[in-house]
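Asks: Please see the structure below; I have some questions.
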Amino acid sequence: MEDWRLTNQSKYLQGANLIKLEYCLRQTSADHDHCEFCMEKFGSGENDLHAGYCTMDCYYWICEDCFKDFAERFEWHVVNTISDYQPEEQT
């Protein structure tokens with residue numbers, strides 16, 4: 001049986017480069033984000049998640065639990081720092 005958290009994430013997170021960061025807001029009007037799998041809230045509130053894994057543009061966030069559950073399946077590459085990230089060359 002499939003995990004209830006899985007929808008269409010493979011379309012945009014398969015093989016993604018991720019970095020573990022303290023939560024930071026994107027340049028949008030939103031005041032929070034959600035884990036792409038379980039919908040836990042990332043934000044500045046007392047009960048919010050304050051750190052997790054995100055894509056290099058800080059657009060998609062993944063909580064620690066979902067990262068552990070899906071890292072192998074999605075073949076994520078964890079980058080230690082943003083300066084370590086080397087985008088693939090366009091061919």
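Residue names in the structure tokens use chain letters A, B, ... in the order shown, residue numbers from 1 in each chain, and ligand numbers from 1 in the order shown.
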Where in stretch 3-54 of chain A does DSSP assign alpha helix (DSSP H), given as JSON, numbers by chain?
Replies: {"A": [10, 11, 12, 13]}
Asks: May I have all residues of chain A that DSSP, computed from the backbone, assigns to strand (DSSP E), given as a ChimeraX atom specification?
Replies: /A:17-22,33-34,41-42,51-55,61-62,77-78
Asks: Give me, as a ChimeraX atom specification, all polymer residues having an atom no more than 10 Å from A:Phe67, counting only C-alpha atoms and skipping those fewer than 2 positions away in the same chain.
Replies: /A:18,35,37,52-54,61-65,69-72,74,76
Asks: Store the residues of this selection in a file with C-alpha atoms, as a tab-separated table (two decimals), in the first residue's frame.
Replies:
```tsv
chain	number	residue	atom	x	y	z
A	18	LEU	CA	18.63	19.54	-0.95
A	35	CYS	CA	6.36	20.02	4.25
A	37	PHE	CA	4.75	15.38	2.12
A	52	GLY	CA	14.35	21.12	7.62
A	53	TYR	CA	15.54	20.21	4.16
A	54	CYS	CA	14.78	22.42	1.20
A	61	TRP	CA	10.55	22.21	2.22
A	62	ILE	CA	10.71	18.71	3.68
A	63	CYS	CA	10.54	17.92	7.40
A	64	GLU	CA	13.13	15.71	9.08
A	65	ASP	CA	10.76	12.73	9.41
A	69	ASP	CA	11.31	8.20	5.11
A	70	PHE	CA	11.79	9.19	1.47
A	71	ALA	CA	15.48	10.09	0.94
A	72	GLU	CA	16.36	6.76	-0.65
A	74	PHE	CA	13.64	10.00	-4.19
A	76	TRP	CA	18.07	13.12	-2.97
```
Asks: Please provide as a ChimeraX atom specification all residues within 7 Å of A:Ile19, with the sequence filter that same-chain residues fewer than 4 positions apart are discarded (counting only C-alpha atoms).
Replies: /A:53-56,78-81
Asks: Would you mind exporting C-alpha atoms of the selected residues as a PDB file, in the first residue's frame?
Replies:
```
ATOM      1  CA  TYR A  53      15.540  20.211   4.164  1.00  0.00           C
ATOM      2  CA  CYS A  54      14.781  22.421   1.203  1.00  0.00           C
ATOM      3  CA  THR A  55      15.550  22.728  -2.470  1.00  0.00           C
ATOM      4  CA  MET A  56      18.368  25.084  -3.369  1.00  0.00           C
ATOM      5  CA  VAL A  78      22.292  16.577   0.230  1.00  0.00           C
ATOM      6  CA  VAL A  79      24.568  19.558  -0.253  1.00  0.00           C
ATOM      7  CA  ASN A  80      26.455  20.716   2.851  1.00  0.00           C
ATOM      8  CA  THR A  81      26.413  24.420   1.998  1.00  0.00           C
TER       9      THR A  81
END
```
Asks: What does the distance from atom CA of A:Asp31 to atom CA of A:Glu75 come to in Å, to one decimal?
Replies: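 Separation of atom CA of A:Asp31 and atom CA of A:Glu75: 29.5 Å.
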Asks: Find the residues of stretch 24-52 of chain A that sit at most 9 Å from stretch 3-15 of chain A; for each, write down the nearest two atoms and how far apart they are in Å, to one decimal. Count only C-alpha atoms. Sort by chain, then by number going up, and give it as a tab-separated table.
Replies:
```
residue	atom	partner	partner_atom	distance
A:Glu36	CA	A:Gln9	CA	7.4
A:Phe37	CA	A:Arg5	CA	4.9
A:Cys38	CA	A:Arg5	CA	5.6
A:Met39	CA	A:Arg5	CA	8.6
```
Asks: How would the residues just picked look written out with N, CA, C and O atoms as a PDB file, in the first residue's frame?
Replies:
```pdb
ATOM      1  N   GLU A  36       6.374  19.211   1.993  1.00  0.00           N
ATOM      2  CA  GLU A  36       5.792  18.747   0.731  1.00  0.00           C
ATOM      3  C   GLU A  36       5.124  17.384   0.853  1.00  0.00           C
ATOM      4  O   GLU A  36       4.414  16.968  -0.050  1.00  0.00           O
ATOM      5  N   PHE A  37       5.320  16.708   1.953  1.00  0.00           N
ATOM      6  CA  PHE A  37       4.751  15.375   2.115  1.00  0.00           C
ATOM      7  C   PHE A  37       3.655  15.332   3.182  1.00  0.00           C
ATOM      8  O   PHE A  37       2.545  14.925   2.899  1.00  0.00           O
ATOM      9  N   CYS A  38       3.966  15.725   4.392  1.00  0.00           N
ATOM     10  CA  CYS A  38       3.003  15.570   5.498  1.00  0.00           C
ATOM     11  C   CYS A  38       2.251  16.846   5.829  1.00  0.00           C
ATOM     12  O   CYS A  38       1.355  16.831   6.671  1.00  0.00           O
ATOM     13  N   MET A  39       2.624  17.947   5.220  1.00  0.00           N
ATOM     14  CA  MET A  39       1.983  19.251   5.405  1.00  0.00           C
ATOM     15  C   MET A  39       2.258  19.891   6.767  1.00  0.00           C
ATOM     16  O   MET A  39       1.615  20.867   7.125  1.00  0.00           O
TER      17      MET A  39
END
```
Asks: Quick one, how far is atom CA of A:Glu40 from atom CA of A:Glu2?
Replies: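 If I compute the distance from atom CA of A:Glu40 to atom CA of A:Glu2, I get 19.4 Å.
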Asks: Would you mind telling me which residue in A:Tyr23, A:Ala16, A:Arg73, A:Asp57 lies nearest to A:Lys41 when using only C-alpha atoms?
Replies: A:Tyr23
Asks: Pick the closest to A:Gly43 from A:Cys66, A:Lys20, A:Leu25, A:Tyr59: which is it, counting only C-alpha atoms?
Replies: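 Smallest separation from A:Gly43 among the options: A:Leu25.
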Asks: Considering only C-alpha atoms, state which residue in the set A:Leu21, A:His77, A:Lys68, A:Leu49 is at the smallest distance from A:Asp33.
Replies: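 Checking each candidate against A:Asp33, we get A:Leu49 as the closest.
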